[in-house]
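Q: Okay, so here is upload_0.pdb, and as you'll see once you scroll down, it has PDB, C-alpha atoms.
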```pdb
ATOM      1  CA  MET S   1      20.836 -14.597 -27.497
ATOM      2  CA  PRO S   2      19.621 -14.671 -23.850
ATOM      3  CA  LEU S   3      18.359 -11.466 -22.286
ATOM      4  CA  ASN S   4      20.451  -9.946 -19.516
ATOM      5  CA  ILE S   5      18.366  -9.101 -16.451
ATOM      6  CA  LEU S   6      19.856  -7.286 -13.470
ATOM      7  CA  PHE S   7      18.378  -8.018 -10.058
ATOM      8  CA  SER S   8      18.976  -4.729  -8.213
ATOM      9  CA  ALA S   9      17.647  -5.304  -4.713
ATOM     10  CA  PRO S  10      19.164  -6.140  -1.322
ATOM     11  CA  VAL S  11      21.528  -9.112  -1.570
ATOM     12  CA  ALA S  12      19.510 -11.008   1.027
ATOM     13  CA  ASP S  13      16.481 -10.981  -1.307
ATOM     14  CA  TRP S  14      18.307 -12.810  -4.099
ATOM     15  CA  ALA S  15      18.102 -16.182  -2.334
ATOM     16  CA  ASP S  16      14.308 -15.870  -2.303
ATOM     17  CA  TYR S  17      13.740 -14.249  -5.687
ATOM     18  CA  GLY S  18      16.445 -15.924  -7.773
ATOM     19  CA  PRO S  19      14.855 -19.376  -8.146
ATOM     20  CA  HIS S  20      11.339 -17.967  -8.617
ATOM     21  CA  LEU S  21      12.423 -15.448 -11.254
ATOM     22  CA  LYS S  22      14.278 -18.088 -13.221
ATOM     23  CA  ALA S  23      11.312 -20.468 -13.030
ATOM     24  CA  ALA S  24       8.810 -17.759 -14.054
ATOM     25  CA  LEU S  25      10.930 -16.676 -17.023
ATOM     26  CA  ALA S  26      11.335 -20.265 -18.188
ATOM     27  CA  GLU S  27       7.596 -20.830 -17.821
ATOM     28  CA  ALA S  28       6.997 -17.745 -20.003
ATOM     29  CA  GLY S  29       9.383 -19.118 -22.637
ATOM     30  CA  ILE S  30      11.979 -16.371 -22.064
ATOM     31  CA  GLU S  31      15.636 -17.256 -22.375
ATOM     32  CA  ALA S  32      17.431 -15.003 -19.925
ATOM     33  CA  ALA S  33      20.371 -14.702 -17.578
ATOM     34  CA  VAL S  34      19.267 -13.187 -14.265
ATOM     35  CA  SER S  35      21.903 -12.018 -11.830
ATOM     36  CA  PRO S  36      22.532  -9.536  -8.998
ATOM     37  CA  GLU S  37      25.910  -8.841 -10.596
ATOM     38  CA  CYS S  38      26.379  -6.174 -13.282
ATOM     39  CA  PRO S  39      29.795  -6.158 -14.944
ATOM     40  CA  ASP S  40      28.551  -4.049 -17.876
ATOM     41  CA  PRO S  41      25.445  -1.833 -17.458
ATOM     42  CA  ALA S  42      25.322  -1.195 -21.226
ATOM     43  CA  LYS S  43      24.440  -4.874 -21.804
ATOM     44  CA  VAL S  44      21.495  -5.022 -19.384
ATOM     45  CA  ASP S  45      18.074  -5.492 -21.044
ATOM     46  CA  TYR S  46      15.802  -5.179 -17.972
ATOM     47  CA  ILE S  47      16.290  -4.076 -14.368
ATOM     48  CA  VAL S  48      14.331  -5.783 -11.587
ATOM     49  CA  TYR S  49      14.503  -3.084  -8.957
ATOM     50  CA  ALA S  50      13.904  -2.302  -5.300
ATOM     51  CA  PRO S  51      14.623   1.212  -3.980
ATOM     52  CA  ASN S  52      16.639  -0.167  -1.063
ATOM     53  CA  GLY S  53      18.997  -2.060  -3.356
ATOM     54  CA  GLY S  54      21.470   0.792  -3.789
ATOM     55  CA  LEU S  55      21.033   1.618  -7.490
ATOM     56  CA  SER S  56      20.355   5.322  -8.079
ATOM     57  CA  ASP S  57      22.019   6.159 -11.416
ATOM     58  CA  PHE S  58      20.229   4.642 -14.403
ATOM     59  CA  ALA S  59      22.127   6.573 -17.057
ATOM     60  CA  PRO S  60      24.685   3.799 -17.799
ATOM     61  CA  PHE S  61      21.890   1.333 -18.619
ATOM     62  CA  THR S  62      21.544   2.521 -22.187
ATOM     63  CA  ARG S  63      20.050  -0.735 -23.495
ATOM     64  CA  ALA S  64      17.555  -1.317 -20.700
ATOM     65  CA  LYS S  65      13.975  -1.479 -21.970
ATOM     66  CA  ALA S  66      12.280  -1.078 -18.573
ATOM     67  CA  VAL S  67      12.801  -0.808 -14.834
ATOM     68  CA  LEU S  68      10.467  -3.281 -13.129
ATOM     69  CA  SER S  69       9.936  -2.372  -9.490
ATOM     70  CA  LEU S  70       9.329  -4.964  -6.788
ATOM     71  CA  TRP S  71       7.484  -2.355  -4.700
ATOM     72  CA  ALA S  72       3.966  -1.019  -5.128
ATOM     73  CA  GLY S  73       5.083   2.482  -4.132
ATOM     74  CA  VAL S  74       7.372   4.346  -6.526
ATOM     75  CA  GLU S  75       7.768   7.735  -4.822
ATOM     76  CA  ARG S  76      11.451   7.015  -4.119
ATOM     77  CA  ILE S  77      12.282   6.501  -7.812
ATOM     78  CA  ALA S  78       9.655   8.284  -9.925
ATOM     79  CA  GLY S  79      11.437  11.636  -9.675
ATOM     80  CA  ASN S  80      14.927  10.300 -10.426
ATOM     81  CA  PRO S  81      16.285  12.477 -13.272
ATOM     82  CA  THR S  82      18.548   9.679 -14.581
ATOM     83  CA  LEU S  83      15.590   7.360 -15.116
ATOM     84  CA  THR S  84      14.573   7.591 -18.772
ATOM     85  CA  GLN S  85      13.435   3.983 -19.149
ATOM     86  CA  PRO S  86       9.782   2.989 -18.668
ATOM     87  CA  LEU S  87       9.053   2.337 -14.984
ATOM     88  CA  CYS S  88       6.536  -0.273 -13.865
ATOM     89  CA  ARG S  89       5.276  -0.600 -10.309
ATOM     90  CA  MET S  90       4.499  -3.942  -8.718
ATOM     91  CA  VAL S  91       0.913  -5.143  -8.608
ATOM     92  CA  ASP S  92       1.360  -8.545  -7.016
ATOM     93  CA  PRO S  93      -1.615 -10.863  -6.380
ATOM     94  CA  GLY S  94       0.099 -12.170  -3.246
ATOM     95  CA  MET S  95       0.591  -8.644  -1.942
ATOM     96  CA  THR S  96      -3.056  -7.845  -2.648
ATOM     97  CA  GLU S  97      -4.216 -10.921  -0.726
ATOM     98  CA  GLY S  98      -2.069  -9.922   2.238
ATOM     99  CA  MET S  99      -3.436  -6.378   2.222
ATOM    100  CA  VAL S 100      -7.036  -7.571   2.046
ATOM    101  CA  GLU S 101      -6.487  -9.886   5.016
ATOM    102  CA  TYR S 102      -4.768  -7.193   7.103
ATOM    103  CA  VAL S 103      -7.392  -4.535   6.456
ATOM    104  CA  THR S 104     -10.333  -6.903   6.860
ATOM    105  CA  GLY S 105      -8.946  -8.207  10.144
ATOM    106  CA  HIS S 106      -8.442  -4.770  11.658
ATOM    107  CA  THR S 107     -11.725  -3.434  10.287
ATOM    108  CA  LEU S 108     -13.601  -6.287  11.971
ATOM    109  CA  ARG S 109     -11.513  -5.841  15.125
ATOM    110  CA  HIS S 110     -12.557  -2.201  15.461
ATOM    111  CA  HIS S 111     -16.109  -2.816  14.278
ATOM    112  CA  LEU S 112     -16.683  -5.536  16.897
ATOM    113  CA  GLY S 113     -14.832  -3.725  19.685
ATOM    114  CA  MET S 114     -12.619  -6.755  20.199
ATOM    115  CA  ASP S 115      -9.881  -4.888  22.088
ATOM    116  CA  ALA S 116     -12.161  -4.360  25.080
ATOM    117  CA  HIS S 117     -12.419  -8.125  25.571
ATOM    118  CA  ILE S 118      -8.961  -9.202  24.411
ATOM    119  CA  LEU S 119      -7.270  -6.634  26.656
ATOM    120  CA  GLY S 120      -9.893  -6.646  29.407
ATOM    121  CA  GLN S 121      -9.397 -10.075  30.983
ATOM    122  CA  ASP S 122      -9.743  -8.738  34.521
ATOM    123  CA  GLY S 123     -12.782 -10.576  35.858
ATOM    124  CA  VAL S 124     -15.283  -7.892  34.858
ATOM    125  CA  TRP S 125     -18.300  -9.111  32.808
ATOM    126  CA  ARG S 126     -18.706  -6.434  30.127
ATOM    127  CA  ASN S 127     -21.885  -6.982  28.134
ATOM    128  CA  ASN S 128     -23.295  -3.471  28.253
ATOM    129  CA  VAL S 129     -22.115  -2.470  24.774
ATOM    130  CA  ARG S 130     -23.625  -4.135  21.730
ATOM    131  CA  PRO S 131     -21.734  -3.457  18.506
ATOM    132  CA  PRO S 132     -23.711  -2.537  15.405
ATOM    133  CA  ILE S 133     -23.916  -5.021  12.575
ATOM    134  CA  ALA S 134     -21.839  -4.332   9.494
ATOM    135  CA  ARG S 135     -24.571  -2.654   7.458
ATOM    136  CA  GLU S 136     -24.843  -0.023  10.198
ATOM    137  CA  ARG S 137     -21.118   0.855  10.091
ATOM    138  CA  PRO S 138     -20.027   3.033   7.118
ATOM    139  CA  VAL S 139     -16.461   2.414   5.968
ATOM    140  CA  GLY S 140     -14.364   4.745   3.819
ATOM    141  CA  VAL S 141     -11.469   3.658   1.612
ATOM    142  CA  LEU S 142      -9.190   6.428   0.361
ATOM    143  CA  GLY S 143      -7.459   5.183  -2.784
ATOM    144  CA  LEU S 144      -9.115   2.970  -5.381
ATOM    145  CA  GLY S 145      -6.128   1.484  -7.161
ATOM    146  CA  GLU S 146      -5.596  -2.270  -7.294
ATOM    147  CA  LEU S 147      -5.206  -2.600  -3.530
ATOM    148  CA  GLY S 148      -7.890  -0.104  -2.523
ATOM    149  CA  SER S 149     -10.541  -1.342  -4.930
ATOM    150  CA  THR S 150      -9.985  -4.980  -3.919
ATOM    151  CA  VAL S 151     -10.169  -4.080  -0.220
ATOM    152  CA  ALA S 152     -13.336  -2.035  -0.809
ATOM    153  CA  ARG S 153     -15.048  -4.866  -2.707
ATOM    154  CA  THR S 154     -14.145  -7.343   0.026
ATOM    155  CA  LEU S 155     -15.519  -5.175   2.826
ATOM    156  CA  ALA S 156     -18.704  -4.602   0.823
ATOM    157  CA  ARG S 157     -19.213  -8.375   0.768
ATOM    158  CA  PHE S 158     -19.308  -8.259   4.578
ATOM    159  CA  ASN S 159     -22.275  -5.865   4.192
ATOM    160  CA  PHE S 160     -20.381  -2.758   5.271
ATOM    161  CA  PRO S 161     -21.642   0.327   3.401
ATOM    162  CA  VAL S 162     -18.366   1.143   1.639
ATOM    163  CA  MET S 163     -17.483   4.521   0.184
ATOM    164  CA  GLY S 164     -14.354   4.926  -1.896
ATOM    165  CA  TRP S 165     -12.426   8.029  -2.885
ATOM    166  CA  SER S 166      -9.869   8.665  -5.607
ATOM    167  CA  ARG S 167      -8.455  11.732  -7.332
ATOM    168  CA  SER S 168     -10.194  10.900 -10.614
ATOM    169  CA  PRO S 169     -13.624   9.257 -10.947
ATOM    170  CA  LYS S 170     -13.666   5.460 -10.579
ATOM    171  CA  SER S 171     -16.335   2.799 -10.643
ATOM    172  CA  VAL S 172     -16.080  -0.189  -8.294
ATOM    173  CA  PRO S 173     -18.950  -2.715  -8.039
ATOM    174  CA  GLY S 174     -20.704  -2.551  -4.681
ATOM    175  CA  VAL S 175     -18.870   0.630  -3.650
ATOM    176  CA  ILE S 176     -20.143   4.221  -3.632
ATOM    177  CA  CYS S 177     -17.324   6.051  -5.394
ATOM    178  CA  HIS S 178     -16.398   9.702  -4.906
ATOM    179  CA  SER S 179     -13.688  11.959  -6.297
ATOM    180  CA  GLY S 180     -12.494  15.533  -5.901
ATOM    181  CA  GLU S 181     -12.416  17.664  -2.768
ATOM    182  CA  ASP S 182     -16.196  17.587  -2.276
ATOM    183  CA  GLY S 183     -16.149  13.810  -2.640
ATOM    184  CA  LEU S 184     -13.374  13.500  -0.054
ATOM    185  CA  GLU S 185     -15.353  15.506   2.474
ATOM    186  CA  ALA S 186     -18.458  13.412   1.773
ATOM    187  CA  VAL S 187     -16.523  10.245   2.623
ATOM    188  CA  LEU S 188     -14.910  11.749   5.713
ATOM    189  CA  ARG S 189     -18.242  12.981   7.084
ATOM    190  CA  GLN S 190     -19.661   9.445   7.120
ATOM    191  CA  ALA S 191     -16.777   7.014   7.591
ATOM    192  CA  GLN S 192     -16.793   5.445  11.041
ATOM    193  CA  ILE S 193     -13.803   3.375   9.909
ATOM    194  CA  LEU S 194     -11.378   5.024   7.473
ATOM    195  CA  ILE S 195      -8.748   3.069   5.523
ATOM    196  CA  LEU S 196      -5.857   4.804   3.754
ATOM    197  CA  LEU S 197      -4.515   3.153   0.600
ATOM    198  CA  LEU S 198      -3.415   6.146  -1.452
ATOM    199  CA  PRO S 199      -0.058   6.539  -3.195
ATOM    200  CA  LEU S 200       2.215   9.219  -1.789
ATOM    201  CA  THR S 201       2.400  12.267  -4.055
ATOM    202  CA  ASP S 202       2.665  16.016  -3.537
ATOM    203  CA  ASP S 203      -1.142  16.093  -3.559
ATOM    204  CA  THR S 204      -1.623  13.363  -0.944
ATOM    205  CA  ARG S 205       1.167  14.266   1.498
ATOM    206  CA  ASP S 206      -0.434  15.258   4.841
ATOM    207  CA  LEU S 207      -3.859  14.677   3.284
ATOM    208  CA  LEU S 208      -5.284  13.898   6.710
ATOM    209  CA  ASP S 209      -4.485  17.138   8.467
ATOM    210  CA  ALA S 210      -6.231  18.686  11.467
ATOM    211  CA  ARG S 211      -9.061  20.133   9.370
ATOM    212  CA  ARG S 212      -9.899  16.852   7.633
ATOM    213  CA  LEU S 213      -9.526  14.761  10.781
ATOM    214  CA  ALA S 214     -12.104  17.035  12.398
ATOM    215  CA  ILE S 215     -14.619  16.155   9.660
ATOM    216  CA  LEU S 216     -14.682  12.471  10.643
ATOM    217  CA  PRO S 217     -17.452  11.252  12.966
ATOM    218  CA  GLU S 218     -16.430  11.472  16.601
ATOM    219  CA  GLY S 219     -14.713   8.264  17.708
ATOM    220  CA  ALA S 220     -13.928   7.112  14.159
ATOM    221  CA  PHE S 221     -11.289   4.433  13.671
ATOM    222  CA  LEU S 222      -8.338   4.924  11.351
ATOM    223  CA  VAL S 223      -6.386   2.135   9.580
ATOM    224  CA  ASN S 224      -3.309   3.198   7.603
ATOM    225  CA  PRO S 225      -1.413   0.494   5.687
ATOM    226  CA  GLY S 226      -0.737   2.908   2.793
ATOM    227  CA  ARG S 227       1.950   5.546   3.387
ATOM    228  CA  GLY S 228       2.993   7.162   6.655
ATOM    229  CA  SER S 229       3.201  10.660   5.207
ATOM    230  CA  LEU S 230      -0.480  10.651   4.253
ATOM    231  CA  ILE S 231      -1.168  11.694   7.858
ATOM    232  CA  ASP S 232      -0.086  14.771   9.781
ATOM    233  CA  ASP S 233       1.267  12.977  12.865
ATOM    234  CA  GLU S 234       0.875  15.881  15.272
ATOM    235  CA  ALA S 235      -2.694  16.460  14.137
ATOM    236  CA  LEU S 236      -3.528  12.783  14.579
ATOM    237  CA  LEU S 237      -2.054  12.667  18.087
ATOM    238  CA  ALA S 238      -4.080  15.740  19.035
ATOM    239  CA  ALA S 239      -7.264  14.178  17.623
ATOM    240  CA  LEU S 240      -6.583  10.960  19.552
ATOM    241  CA  ASP S 241      -5.954  12.863  22.775
ATOM    242  CA  ALA S 242      -9.215  14.766  22.312
ATOM    243  CA  GLY S 243     -11.190  11.585  21.593
ATOM    244  CA  ARG S 244     -12.075  12.768  18.089
ATOM    245  CA  ILE S 245     -10.397   9.628  16.752
ATOM    246  CA  GLY S 246     -11.211   6.475  18.699
ATOM    247  CA  HIS S 247      -8.168   4.471  17.646
ATOM    248  CA  ALA S 248      -5.517   4.468  14.931
ATOM    249  CA  THR S 249      -3.969   1.264  13.606
ATOM    250  CA  LEU S 250      -0.810   2.292  11.784
ATOM    251  CA  ASP S 251       1.438   0.052   9.695
ATOM    252  CA  VAL S 252       3.497   2.718   7.893
ATOM    253  CA  PHE S 253       5.436   5.721   9.152
ATOM    254  CA  ARG S 254       7.500   8.669   7.960
ATOM    255  CA  THR S 255      10.582   7.091   9.518
ATOM    256  CA  GLU S 256      10.961   3.320   9.546
ATOM    257  CA  PRO S 257      11.681   1.551  11.780
ATOM    258  CA  LEU S 258       9.548   3.795  13.982
ATOM    259  CA  PRO S 259      11.933   5.353  16.566
ATOM    260  CA  PRO S 260      11.596   3.796  20.050
ATOM    261  CA  ASN S 261      10.739   7.165  21.627
ATOM    262  CA  HIS S 262       7.959   8.029  19.166
ATOM    263  CA  PRO S 263       4.689   8.840  20.998
ATOM    264  CA  TYR S 264       2.757   6.343  18.867
ATOM    265  CA  TRP S 265       4.389   3.451  20.750
ATOM    266  CA  SER S 266       2.970   4.428  24.128
ATOM    267  CA  HIS S 267      -0.321   5.993  23.089
ATOM    268  CA  PRO S 268      -3.275   3.946  24.441
ATOM    269  CA  ARG S 269      -5.308   4.599  21.297
ATOM    270  CA  VAL S 270      -2.651   3.610  18.770
ATOM    271  CA  THR S 271      -1.692   0.182  17.470
ATOM    272  CA  VAL S 272       1.696   0.050  15.757
ATOM    273  CA  THR S 273       2.413  -2.798  13.345
ATOM    274  CA  PRO S 274       5.877  -2.950  11.714
ATOM    275  CA  HIS S 275       5.046  -2.508   8.003
ATOM    276  CA  ILE S 276       3.630  -6.020   7.684
ATOM    277  CA  ALA S 277       0.232  -5.348   6.074
ATOM    278  CA  ALA S 278       1.357  -6.439   2.627
ATOM    279  CA  ASP S 279       4.681  -7.556   1.279
ATOM    280  CA  THR S 280       5.714  -8.594  -2.205
ATOM    281  CA  ARG S 281       5.654 -12.387  -2.489
ATOM    282  CA  ALA S 282       8.542 -13.671  -4.584
ATOM    283  CA  ILE S 283       6.618 -16.494  -6.257
ATOM    284  CA  THR S 284       3.717 -14.330  -7.460
ATOM    285  CA  ALA S 285       5.767 -11.175  -8.091
ATOM    286  CA  SER S 286       8.173 -13.148 -10.295
ATOM    287  CA  ARG S 287       5.306 -14.076 -12.606
ATOM    288  CA  VAL S 288       4.350 -10.395 -12.916
ATOM    289  CA  ILE S 289       7.975  -9.535 -13.796
ATOM    290  CA  ALA S 290       8.165 -12.348 -16.338
ATOM    291  CA  GLU S 291       4.926 -11.245 -18.000
ATOM    292  CA  ASN S 292       6.181  -7.682 -18.333
ATOM    293  CA  ILE S 293       9.430  -8.889 -19.901
ATOM    294  CA  ARG S 294       7.444 -11.048 -22.297
ATOM    295  CA  ARG S 295       5.380  -7.995 -23.204
ATOM    296  CA  GLY S 296       8.482  -5.886 -23.700
ATOM    297  CA  GLU S 297       9.979  -8.433 -26.067
ATOM    298  CA  ALA S 298       6.691  -8.791 -27.961
ATOM    299  CA  GLY S 299       6.254  -5.026 -28.348
ATOM    300  CA  GLU S 300       3.119  -5.034 -26.196
ATOM    301  CA  PRO S 301       2.289  -2.353 -23.580
ATOM    302  CA  PHE S 302       3.808  -2.932 -20.159
ATOM    303  CA  LEU S 303       1.542  -3.741 -17.234
ATOM    304  CA  HIS S 304       1.307  -1.181 -14.419
ATOM    305  CA  ARG S 305       3.433   1.437 -16.146
ATOM    306  CA  VAL S 306       3.943   4.512 -13.980
ATOM    307  CA  ASP S 307       2.719   7.906 -15.108
ATOM    308  CA  ARG S 308       5.785   9.932 -14.160
ATOM    309  CA  ASP S 309       3.821  13.205 -14.042
ATOM    310  CA  ARG S 310       1.309  11.811 -11.576
ATOM    311  CA  GLY S 311       3.919   9.865  -9.626
ATOM    312  CA  TYR S 312       2.093   6.511  -9.654
TER
END
```
Take the structure I supplied and represent it as C-alpha cells, if you would.
A:
Amino acid sequence: MPLNILFSAPVADWADYGPHLKAALAEAGIEAAVSPECPDPAKVDYIVYAPNGGLSDFAPFTRAKAVLSLWAGVERIAGNPTLTQPLCRMVDPGMTEGMVEYVTGHTLRHHLGMDAHILGQDGVWRNNVRPPIARERPVGVLGLGELGSTVARTLARFNFPVMGWSRSPKSVPGVICHSGEDGLEAVLRQAQILILLLPLTDDTRDLLDARRLAILPEGAFLVNPGRGSLIDDEALLAALDAGRIGHATLDVFRTEPLPPNHPYWSHPRVTVTPHIAADTRAITASRVIAENIRRGEAGEPFLHRVDRDRGY
C-alpha cells in the first residue's frame, strides 16, 4: 500500500516541490502519494512541513511517523505541545552551498574594503589604504553545525585564521574551535570579521548584547545570516554609531519583512539583504526528505533529528 505524505507548506511552493518530491521518492524506491490535501489526518504517514504553511495542531496525525521540516531553523515548531512525532530539520546541500557563497562573498567584500571603491566612484584616486592579506585577518564563526562548520572550513581555505564557537566542544579541520563562555570571549576578542550561524534558542537570544559587542576589536565587521534575534538591535546600532563596529551585513531580522522605517535601512554602516543568504532548494531538499522516509520505513535512525530539549 502506498504511503500517504502530506505536503504542509504554502500552496505556492507545491508547484516547485511536487515534481521533485515525487521524483526523489521514486528514485528511492518508495511508493507514495504526496499531496497538499489532507482529507483524513489519521491516514497520513509523514508530514513534509514548513512553519508558514498553516499547520499548528499535530494531534490528529496519529499515524504520522515523522514531521520533516523544509527549514533549517525549528524554533517556531520545536516547542509545539501537540507535536509528539519525531521532528527532523532540513540540512540541504543546496542551502549549504548558498550559505557558503553568501558568507564568503561578504567576508571578502569587508576584508578587501570593496565598498570604498564600489560606492566611491567620484573621481578621487584612493590608494592610501592597503588591505591586509587573509592570513592577517582573524575571522570568527559562531555556530558550528552543518552550515557553520562548512563556512568555517571554506574560509580557512582562503587562508583566513578561522576560530569557531559552539555551545559544546566541536572539532573542525583547519579551524580553532572554542566552546563555553570563556571560549566565546576568546573568539570575540580576536575576530575582525564575525559571522553568526547559531540556532535561535533561549540561550542564544540576544547573544550579541552591548557587553559582548564591546569585546570585539574596534571596527570589526559583522555578518548575520543566522537569526535576527541573536543580536540586540539597539546595542548594535549604538556600537555602529560609536564606530565600535565598522559595518554590519544583516540578512535576518526579528520582524520580516524588515519594516520600512527601521533604522537599519538608512544607517550608513548597515547592509540589509532580504533573507536571501540561503534558501532550501527543492531538488536537493526533496532527496533529503526521501532519504528520511526511506530510513523511517526501514527502521533506521532519522537524519537531522531535533533534540527537543535543546531546540535544534
Q: What does the PyMOL selection byres ((chain S and resi 21) around 10) select in this file, as a PyMOL selection string?
A: chain S and resi 7+14+16-20+22-27+34+48+282-290
Q: Got a sec: who's within 12 Å of stretch 249-251 of chain S, counting only C-alpha atoms, leaving out chain neighbours fewer than 5 positions off, as a ChimeraX atom specification?
A: /S:99,102-103,105-107,109-110,193-197,220-231,233,236,240,256-258,264-265,267-279
Q: Between S:Gly180, S:Gly29, S:Pro138, S:Gly53, which residue has the minimum interatomic distance to S:Leu6, considering only C-alpha atoms?
A: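 Closest to S:Leu6 of all the choices is S:Gly53.
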Q: Quick check on the file I pasted: which residues fall under the PyMOL selection byres ((chain S and resi 87) around 8)? Write them as a PyMOL selection string.
A: chain S and resi 66-69+78+85-86+88-89+305-306
Q: Might you pull out every residue within 7 Å of S:Ala9, with all atoms listed in the file counted and same-chain residues fewer than 6 positions away left off, and present them as JSON, numbers by chain?
A: {"S": [49, 50, 52, 53]}
Q: Measuring atom to atom with only C-alpha atoms, identify which of S:Ile77, S:Leu119, S:Val100, S:Leu213 is nearest to S:Gly54.
A: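 Using only C-alpha atoms, S:Gly54 sits closest to S:Ile77.
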Q: Quick one: apply the PyMOL selection byres ((chain S and resi 190) around 8) to the file and drop the selected residues here as number ranges by chain.
A: S: 138-140, 186-189, 191-192, 216-217
Q: Could you tell me how far atom CA of S:Glu31 lies from atom CA of S:Pro2, in Å and to one decimal?
A: 5.0 Å
